[in-house]
>>> print(open('data_25.txt').read())   # compact mmCIF, C-alpha atoms
# COMPACT_ATOMS: atom_id res chain seq x y z
CA MET A 1 9.00 -9.75 10.72
CA GLY A 2 7.66 -8.91 7.34
CA HIS A 3 4.97 -7.08 5.45
CA ASP A 4 1.30 -7.92 5.65
CA ILE A 5 -0.68 -6.75 2.65
CA TYR A 6 -4.44 -6.46 2.95
CA ILE A 7 -7.04 -6.06 0.26
CA GLN A 8 -9.53 -3.38 1.02
CA THR A 9 -13.13 -3.13 -0.06
CA SER A 10 -14.39 -0.43 -2.39
CA ASP A 11 -15.61 1.53 0.65
CA GLY A 12 -12.09 1.62 2.14
CA LYS A 13 -12.44 -1.05 4.81
CA ARG A 14 -10.19 -4.08 5.20
CA ALA A 15 -11.64 -7.10 3.40
CA GLU A 16 -12.03 -9.75 6.09
CA ALA A 17 -12.70 -12.93 4.11
CA SER A 18 -10.07 -15.61 3.58
CA GLY A 19 -7.62 -14.91 0.77
CA ASN A 20 -7.56 -11.16 1.37
CA CYS A 21 -4.14 -11.05 3.06
CA PHE A 22 -0.70 -11.71 1.66
CA ARG A 23 2.38 -11.97 3.88
CA PHE A 24 5.89 -11.29 2.69
CA ALA A 25 8.75 -12.39 4.90
CA PHE A 26 11.19 -9.55 5.46
CA THR A 27 13.74 -11.25 3.18
CA ALA A 28 11.27 -12.18 0.41
CA LEU A 29 9.83 -8.77 -0.44
CA PRO A 30 13.02 -7.40 -2.11
CA ARG A 31 13.01 -10.26 -4.66
CA THR A 32 9.40 -9.57 -5.56
CA LEU A 33 10.00 -5.83 -5.82
CA ASP A 34 12.96 -6.51 -8.13
CA ALA A 35 10.76 -8.73 -10.33
CA MET A 36 8.04 -6.07 -10.39
CA LYS A 37 10.62 -3.47 -11.40
CA ASN A 38 11.95 -5.73 -14.16
CA PHE A 39 8.43 -6.18 -15.52
CA GLY A 40 7.85 -2.39 -15.45
CA MET A 41 5.17 -2.60 -12.77
CA LEU A 42 6.77 -0.17 -10.30
CA VAL A 43 7.47 3.54 -10.48
CA GLU A 44 10.03 5.34 -8.36
CA LEU A 45 8.37 8.31 -6.67
CA PRO A 46 9.41 10.14 -3.53
CA VAL A 47 7.68 9.18 -0.31
CA PRO A 48 5.21 11.97 0.43
CA SER A 49 5.58 14.09 3.54
CA TYR A 50 3.09 13.74 6.33
CA PRO A 51 1.54 16.87 7.84
CA GLU A 52 3.30 18.35 10.87
CA LEU A 53 1.44 18.30 14.17
CA SER A 54 2.63 21.84 14.82
CA ALA A 55 0.79 23.07 11.70
CA TYR A 56 -2.42 22.13 13.53
CA GLY A 57 -1.31 23.56 16.88
CA LEU A 58 -0.84 20.03 18.25
CA ALA A 59 1.87 17.96 19.91
CA GLY A 60 2.31 14.19 20.22
CA VAL A 61 0.63 14.20 23.60
CA ASP A 62 -2.57 15.41 21.91
CA LEU A 63 -2.90 12.13 20.01
CA ARG A 64 -2.73 9.75 22.94
CA PRO A 65 -5.59 7.23 23.02
CA GLY A 66 -8.33 8.13 25.46
CA THR A 67 -7.42 11.82 25.62
CA LYS A 68 -10.40 14.11 26.23
CA TYR A 69 -10.45 17.24 24.08
CA ASP A 70 -12.19 20.57 24.19
CA GLU A 71 -14.08 21.37 21.00
CA SER A 72 -11.28 23.42 19.43
CA THR A 73 -8.65 20.73 20.04
CA ALA A 74 -11.02 18.00 18.85
CA ASN A 75 -11.50 19.89 15.57
CA ARG A 76 -7.73 20.33 15.10
CA VAL A 77 -7.09 16.63 15.87
CA ALA A 78 -9.78 15.64 13.37
CA ALA A 79 -8.29 17.97 10.72
CA PHE A 80 -4.80 16.55 11.33
CA ARG A 81 -6.04 12.96 11.07
CA THR A 82 -7.89 13.76 7.86
CA ALA A 83 -4.75 15.34 6.35
CA TYR A 84 -2.61 12.41 7.53
CA GLN A 85 -4.99 9.88 5.97
CA ALA A 86 -5.10 11.91 2.75
CA VAL A 87 -1.33 11.43 2.40
CA LYS A 88 -1.75 7.66 2.84
CA ASN A 89 -4.57 7.58 0.27
CA ALA A 90 -2.97 9.88 -2.34
CA SER A 91 -2.18 8.73 -5.85
CA GLU A 92 -1.23 10.26 -9.16
CA THR A 93 -4.10 11.45 -11.35
CA VAL A 94 -2.88 9.21 -14.16
CA PRO A 95 -0.81 6.44 -12.57
CA THR A 96 1.99 4.77 -14.51
CA GLY A 97 2.38 1.84 -12.13
CA ILE A 98 2.59 1.13 -8.42
CA PRO A 99 4.84 3.52 -6.50
CA ARG A 100 7.53 1.34 -4.94
CA TYR A 101 7.30 3.05 -1.56
CA LYS A 102 3.67 1.99 -1.19
CA ILE A 103 4.60 -1.68 -1.07
CA ASP A 104 8.12 -1.36 0.33
CA SER A 105 6.97 0.40 3.50
CA ASN A 106 4.53 -0.77 6.12
CA ASP A 107 2.85 2.62 6.59
CA GLY A 108 -0.50 1.55 5.15
CA PHE A 109 -0.33 3.53 1.92
CA LEU A 110 -3.24 2.81 -0.42
CA VAL A 111 -2.29 1.07 -3.65
CA THR A 112 -5.26 2.04 -5.79
CA VAL A 113 -7.14 -0.10 -8.26
CA ALA A 114 -5.90 2.24 -11.02
CA GLU A 115 -2.26 1.73 -9.97
CA ILE A 116 -2.73 -2.03 -9.81
CA SER A 117 -4.51 -2.04 -13.19
CA VAL A 118 -1.67 -0.18 -14.91
CA ALA A 119 0.93 -2.44 -13.28
CA LEU A 120 -0.89 -5.60 -14.34
CA ALA A 121 -1.47 -4.32 -17.89
CA THR A 122 2.26 -3.58 -18.16
CA TYR A 123 3.05 -7.04 -16.79
CA ASP A 124 0.60 -8.77 -19.14
CA ALA A 125 2.13 -6.96 -22.14
CA HIS A 126 5.69 -7.95 -21.23
CA PRO A 127 7.28 -10.50 -23.61
CA GLY A 128 8.42 -12.68 -20.67
CA VAL A 129 5.00 -13.00 -19.07
CA ALA A 130 4.31 -16.40 -20.67
CA ILE A 131 6.97 -18.07 -18.55
CA ALA A 132 6.93 -15.76 -15.51
CA GLU A 133 4.45 -17.83 -13.51
CA MET A 134 5.71 -21.29 -14.42
CA PRO A 135 6.08 -23.48 -11.34
CA VAL A 136 9.85 -23.49 -10.94
CA GLY A 137 11.13 -23.27 -7.36
CA ASP A 138 9.55 -20.53 -5.28
CA PRO A 139 5.81 -20.16 -6.08
CA THR A 140 5.60 -16.68 -4.51
CA TRP A 141 5.51 -14.76 -7.80
CA GLY A 142 2.47 -16.56 -9.23
CA ILE A 143 0.59 -16.29 -5.95
CA TRP A 144 1.48 -12.58 -5.69
CA ILE A 145 0.21 -11.86 -9.22
CA SER A 146 -3.05 -13.68 -8.41
CA PHE A 147 -3.34 -11.62 -5.24
CA LEU A 148 -2.84 -8.39 -7.22
CA ARG A 149 -5.58 -9.46 -9.65
CA HIS A 150 -7.85 -10.15 -6.68
CA ALA A 151 -7.05 -6.69 -5.21
CA GLN A 152 -7.75 -5.10 -8.60
CA ALA A 153 -11.28 -6.50 -8.47
CA HIS A 154 -11.88 -4.91 -5.05
CA GLY A 155 -10.73 -1.59 -3.59
CA GLY A 156 -6.95 -1.88 -3.83
CA LEU A 157 -4.58 -2.87 -1.04
CA ARG A 158 -2.53 -1.58 1.86
CA THR A 159 0.79 -2.79 3.29
CA HIS A 160 1.31 -2.95 7.05
>>> encode(input="data_25.txt", output="structure tokens")
Amino acid sequence: MGHDIYIQTSDGKRAEASGNCFRFAFTALPRTLDAMKNFGMLVELPVPSYPELSAYGLAGVDLRPGTKYDESTANRVAAFRTAYQAVKNASETVPTGIPRYKIDSNDGFLVTVAEISVALATYDAHPGVAIAEMPVGDPTWGIWISFLRHAQAHGGLRTH
């Protein structure tokens, strides 16, 4: 068990090449999130609410794979899926870091390039950054920072 984090391309697809996935063991992610918080890279924001199926006149049975829809239901399913994805893709207009919930959950929230850029700029400006990636013990932190820089150069990342 753990969290798989995938870089996405600028067009919103999962980057498939080697080096575009980072895996946190279930027990390792909290240490990294604590370090990110200590460096000022994270912001605490509430997890956004997903749209309710009932608001679209739908029930869970309507989203089963392979279900055939009439035109009206197909339009409502498409509208619900669009609204659902919009929640996963949402970000602040002017981000101040990476919202913790986006990395701490495995719901596939988009961590945008802007959020990553602010987080890395905050990290790079921190007085302890010079020793933060020194090879002492667990190398996860240095690899994670390199991964974030790689994601910054692409389309962001998603945690699953």
>>> residues_around(input="data_25.txt", residues="Met36 in chain A", least_positions_apart="5", cutoff="12 Å", atoms="all atoms listed in the file", output="NGL selection string")
:A and (29-31 or 41-44 or 97-100 or 103-104 or 116 or 119-120 or 122-124 or 126 or 129 or 132 or 141-142 or 144-145 or 148)
>>> closest_residue(input="data_25.txt", among="A:Ala17, A:Ser10, A:Tyr101, A:Gly108", to="Leu33 in chain A", atoms="all atoms listed in the file")
A:Tyr101
>>> atom_distance(input="data_25.txt", atom1="CA of Asn38 in chain A", atom2="CA of Val87 in chain A")
27.3 Å
>>> closest_residue(input="data_25.txt", among="A:Gly57, A:Ala153, A:Arg64, A:Phe147", to="Cys21 in chain A", atoms="all atoms listed in the file")
A:Phe147
>>> closest_residue(input="data_25.txt", among="A:Arg23, A:Lys13, A:His150, A:His160", to="Lys102 in chain A", atoms="all atoms listed in the file")
A:His160
>>> closest_residue(input="data_25.txt", among="A:Ala55, A:Val111, A:Ala125, A:Val61", to="Tyr84 in chain A", atoms="all atoms listed in the file")
A:Ala55
>>> atom_distance(input="data_25.txt", atom1="CA of Ala78 in chain A", atom2="CA of Tyr50 in chain A")
14.8 Å
>>> atom_distance(input="data_25.txt", atom1="CA of Gly155 in chain A", atom2="CA of Gln8 in chain A")
5.1 Å
>>> residues_around(input="data_25.txt", residues="Val94 in chain A", least_positions_apart="6", cutoff="12 Å", atoms="all atoms listed in the file", output="ChimeraX atom specification")
/A:112-115,117-118
>>> residues_around(input="data_25.txt", residues="Ala83 in chain A", least_positions_apart="6", cutoff="12 Å", atoms="all atoms listed in the file", output="MDAnalysis selection string")
chainID A and resid 49:53 55:56 76:77 89:90
>>> write_last_selection(input="data_25.txt", atoms="C-alpha atoms", output="compact mmCIF listing (two decimals), in the coordinates of the input")
# COMPACT_ATOMS: atom_id res chain seq x y z
CA SER A 49 5.58 14.09 3.54
CA TYR A 50 3.09 13.74 6.33
CA PRO A 51 1.54 16.87 7.84
CA GLU A 52 3.30 18.35 10.87
CA LEU A 53 1.44 18.30 14.17
CA ALA A 55 0.79 23.07 11.70
CA TYR A 56 -2.42 22.13 13.53
CA ARG A 76 -7.73 20.33 15.10
CA VAL A 77 -7.09 16.63 15.87
CA ASN A 89 -4.57 7.58 0.27
CA ALA A 90 -2.97 9.88 -2.34
>>> residues_around(input="data_25.txt", residues="Phe22 in chain A", least_positions_apart="4", cutoff="10 Å", atoms="all atoms listed in the file", output="list in words")
His3, Asp4, Ile5, Tyr6, Ile7, Ile143, Trp144, Phe147, Leu148 and Thr159 of chain A
>>> write_last_selection(input="data_25.txt", atoms="C-alpha atoms", output="PDB file, keeping the file's coordinate frame")
ATOM      1  CA  HIS A   3       4.970  -7.080   5.450  1.00  0.00           C
ATOM      2  CA  ASP A   4       1.300  -7.920   5.650  1.00  0.00           C
ATOM      3  CA  ILE A   5      -0.680  -6.750   2.650  1.00  0.00           C
ATOM      4  CA  TYR A   6      -4.440  -6.460   2.950  1.00  0.00           C
ATOM      5  CA  ILE A   7      -7.040  -6.060   0.260  1.00  0.00           C
ATOM      6  CA  ILE A 143       0.590 -16.290  -5.950  1.00  0.00           C
ATOM      7  CA  TRP A 144       1.480 -12.580  -5.690  1.00  0.00           C
ATOM      8  CA  PHE A 147      -3.340 -11.620  -5.240  1.00  0.00           C
ATOM      9  CA  LEU A 148      -2.840  -8.390  -7.220  1.00  0.00           C
ATOM     10  CA  THR A 159       0.790  -2.790   3.290  1.00  0.00           C
TER      11      THR A 159
END
>>> closest_residue(input="data_25.txt", among="A:Pro48, A:Gly40, A:Gly12, A:Gly2", to="Thr27 in chain A", atoms="all atoms listed in the file")
A:Gly2
>>> closest_residue(input="data_25.txt", among="A:Pro139, A:Phe80, A:His154, A:Leu110", to="Ser54 in chain A", atoms="all atoms listed in the file")
A:Phe80
